[in-house]
Amino acid sequence: MTSDNPVLCPSAQPEWEGAQVIGVMTGTADKPEMAYLNAPQPVTEQLLELAGPVSPAEVFRFSAPCACTGCGHYAEAESKCRLAEKVVRFTPTVTEQLPVCAIRADCRWWLQEGRSACFRCPQVVTNNLKPTEDMRRAADYGVL
């Protein structure tokens, strides 16, 4: 990570300050997979409208500066993202090669969990209406 860049959350909401699109969800509801963009793209109203009738975070993956203590997944005492930790612990790998990712150098998940996070990242849908039991456990704030 370069000192000029903030640490980025790879599963941000589109309305977060500094949000950019980093991928488009493909695959199926049962087996989602992110198609990574070559470069992050700005969030625009036109882009968000393309997701209709579902929420943009069901169709796109967004990155934004990590909200740290403003996020329920952030563990302040350890300065880490519990979501990244639980995605690695609870979900299966979906690739054996590092995805081509435009934000890796500044990604909170990469910086914290390394390759293990990247091997699972493509299956993460920020607003997943049909999560697997593993993904549900990873996203649950109450599960440590």
# chains A, B, ... in the order shown; residues from 1 in each chain; ligands from 1
$ select_by_dssp --residues "region 5-124 of chain A" --states "strand (DSSP E or B)" --output "ChimeraX atom specification"
/A:8-12,20-27,32-42,60-65,74-75,80-81,107
$ residues_around --residues "region 47-50 of chain A" --least-positions-apart "3" --cutoff "12 Å" --atoms "only C-alpha atoms" --output "VMD selection string"
chain A and resid 13 to 15 19 to 21 24 41 to 44 53 to 62
$ closest_residue --among "A:Gly23, A:Pro131, A:Pro99, A:Gly18" --to "Arg115 (chain A)" --atoms "only C-alpha atoms"
A:Pro99
$ residues_around --residues "Thr69 (chain A)" --least-positions-apart "5" --cutoff "12 Å" --atoms "only C-alpha atoms" --output "PyMOL selection string"
chain A and resi 74-82
$ write_last_selection --atoms "C-alpha atoms" --output "PDB file, in the first residue's frame"
ATOM      1  CA  TYR A  74     -14.524  -3.484  12.049  1.00  0.00           C
ATOM      2  CA  ALA A  75     -12.793  -4.644  15.227  1.00  0.00           C
ATOM      3  CA  GLU A  76     -11.155  -1.503  16.578  1.00  0.00           C
ATOM      4  CA  ALA A  77      -9.072  -3.231  19.256  1.00  0.00           C
ATOM      5  CA  GLU A  78      -7.378  -5.407  16.623  1.00  0.00           C
ATOM      6  CA  SER A  79      -7.591  -2.832  13.802  1.00  0.00           C
ATOM      7  CA  LYS A  80      -9.055  -5.413  11.453  1.00  0.00           C
ATOM      8  CA  CYS A  81     -12.081  -6.322   9.383  1.00  0.00           C
ATOM      9  CA  ARG A  82     -13.996  -9.206  10.892  1.00  0.00           C
TER      10      ARG A  82
END
$ atom_distance --atom1 "CA of Leu37 (chain A)" --atom2 "CA of Ile103 (chain A)"
10.0 Å
$ residues_around --residues "Trp16 (chain A)" --least-positions-apart "6" --cutoff "9 Å" --atoms "only C-alpha atoms" --output "list of chain:residue names"
A:Ser63, A:Ala64, A:Pro65, A:Ala67
$ write_last_selection --atoms "N, CA and C atoms" --output "PDB file, in the first residue's frame"
ATOM      1  N   SER A  63     -15.837  -0.474  -4.126  1.00  0.00           N
ATOM      2  CA  SER A  63     -14.814  -0.259  -3.115  1.00  0.00           C
ATOM      3  C   SER A  63     -14.953   1.178  -2.657  1.00  0.00           C
ATOM      4  N   ALA A  64     -14.479   1.436  -1.468  1.00  0.00           N
ATOM      5  CA  ALA A  64     -14.462   2.783  -0.899  1.00  0.00           C
ATOM      6  C   ALA A  64     -13.474   2.749   0.255  1.00  0.00           C
ATOM      7  N   PRO A  65     -12.998   3.902   0.677  1.00  0.00           N
ATOM      8  CA  PRO A  65     -12.131   3.899   1.854  1.00  0.00           C
ATOM      9  C   PRO A  65     -12.820   3.179   3.026  1.00  0.00           C
ATOM     10  N   ALA A  67     -14.396   2.233   6.296  1.00  0.00           N
ATOM     11  CA  ALA A  67     -15.084   3.087   7.268  1.00  0.00           C
ATOM     12  C   ALA A  67     -14.565   2.881   8.687  1.00  0.00           C
TER      13      ALA A  67
END
$ residues_around --residues "Ala29 (chain A)" --least-positions-apart "6" --cutoff "9 Å" --atoms "only C-alpha atoms" --output "PyMOL selection string"
chain A and resi 128-131
$ write_last_selection --atoms "N, CA and C atoms" --output "short mmCIF file (atom, residue, chain, number, x, y, z; two decimals), in the first residue's frame"
data_model
loop_
_atom_site.label_atom_id
_atom_site.label_comp_id
_atom_site.auth_asym_id
_atom_site.auth_seq_id
_atom_site.Cartn_x
_atom_site.Cartn_y
_atom_site.Cartn_z
N ASN A 128 -26.51 -9.74 -0.70
CA ASN A 128 -26.86 -11.07 -1.18
C ASN A 128 -28.18 -11.51 -0.58
N LEU A 129 -29.20 -11.63 -1.42
CA LEU A 129 -30.52 -12.03 -0.95
C LEU A 129 -30.68 -13.54 -0.84
N LYS A 130 -29.70 -14.28 -1.34
CA LYS A 130 -29.74 -15.74 -1.27
C LYS A 130 -28.37 -16.28 -0.86
N PRO A 131 -27.87 -15.86 0.31
CA PRO A 131 -26.53 -16.30 0.72
C PRO A 131 -26.51 -17.76 1.12
#
$ atom_distance --atom1 "CA of Asn38 (chain A)" --atom2 "CA of His73 (chain A)"
27.3 Å
$ residues_around --residues "Glu113 (chain A)" --least-positions-apart "6" --cutoff "9 Å" --atoms "only C-alpha atoms" --output "PyMOL selection string"
chain A and resi 84-85+88
$ select_by_dssp --residues "region 8-116 of chain A" --states "alpha helix (DSSP H)" --output "list in words"
Glu45, Gln46, Leu47, Leu48, Glu49, Pro56, Ala57, Glu58, Val59, Arg82, Leu83, Ala84, Glu85, Lys86, Val87, Val88, Arg89, Phe90, Arg108, Trp109, Trp110, Leu111, Gln112, Glu113, Arg115 and Ser116 of chain A
$ closest_residue --among "A:Ala12, A:Ala138, A:Gly114, A:Met25" --to "Arg89 (chain A)" --atoms "only C-alpha atoms"
A:Ala138
$ atom_distance --atom1 "CA of Pro6 (chain A)" --atom2 "CA of Glu33 (chain A)"
25.9 Å
$ residues_around --residues "Arg136 (chain A)" --least-positions-apart "6" --cutoff "12 Å" --atoms "only C-alpha atoms" --output "short mmCIF file (atom, residue, chain, number, x, y, z; two decimals) with N, CA and C atoms, in the first residue's frame"
data_model
loop_
_atom_site.label_atom_id
_atom_site.label_comp_id
_atom_site.auth_asym_id
_atom_site.auth_seq_id
_atom_site.Cartn_x
_atom_site.Cartn_y
_atom_site.Cartn_z
N LEU A 83 -15.25 -9.13 8.78
CA LEU A 83 -15.85 -9.74 7.60
C LEU A 83 -14.79 -10.47 6.79
N LYS A 86 -13.81 -13.62 8.59
CA LYS A 86 -14.83 -14.67 8.56
C LYS A 86 -15.07 -15.22 7.15
N VAL A 87 -14.91 -14.40 6.14
CA VAL A 87 -15.01 -14.91 4.76
C VAL A 87 -13.94 -15.97 4.56
N PHE A 90 -14.94 -19.13 6.95
CA PHE A 90 -16.17 -19.87 6.72
C PHE A 90 -16.47 -20.26 5.28
N THR A 91 -15.95 -19.52 4.30
CA THR A 91 -16.35 -19.79 2.92
C THR A 91 -15.27 -20.55 2.16
N VAL A 124 -18.29 -13.09 -3.24
CA VAL A 124 -18.93 -12.18 -2.30
C VAL A 124 -19.86 -11.22 -3.04
N VAL A 125 -21.13 -11.25 -2.65
CA VAL A 125 -22.12 -10.31 -3.15
C VAL A 125 -22.46 -9.42 -1.97
N THR A 126 -22.27 -8.13 -2.10
CA THR A 126 -22.45 -7.23 -0.96
C THR A 126 -23.86 -7.30 -0.40
N ASN A 127 -24.86 -7.19 -1.24
CA ASN A 127 -26.26 -7.35 -0.81
C ASN A 127 -26.77 -8.65 -1.40
N ASN A 128 -26.51 -9.74 -0.70
CA ASN A 128 -26.86 -11.07 -1.18
C ASN A 128 -28.18 -11.51 -0.58
N LEU A 129 -29.20 -11.63 -1.42
CA LEU A 129 -30.52 -12.03 -0.95
C LEU A 129 -30.68 -13.54 -0.84
N LYS A 130 -29.70 -14.28 -1.34
CA LYS A 130 -29.74 -15.74 -1.27
C LYS A 130 -28.37 -16.28 -0.86
N GLY A 142 -22.84 -10.83 14.75
CA GLY A 142 -22.79 -11.51 16.04
C GLY A 142 -21.88 -12.73 16.07
N VAL A 143 -21.48 -13.24 14.91
CA VAL A 143 -20.60 -14.41 14.86
C VAL A 143 -19.16 -13.93 14.87
#
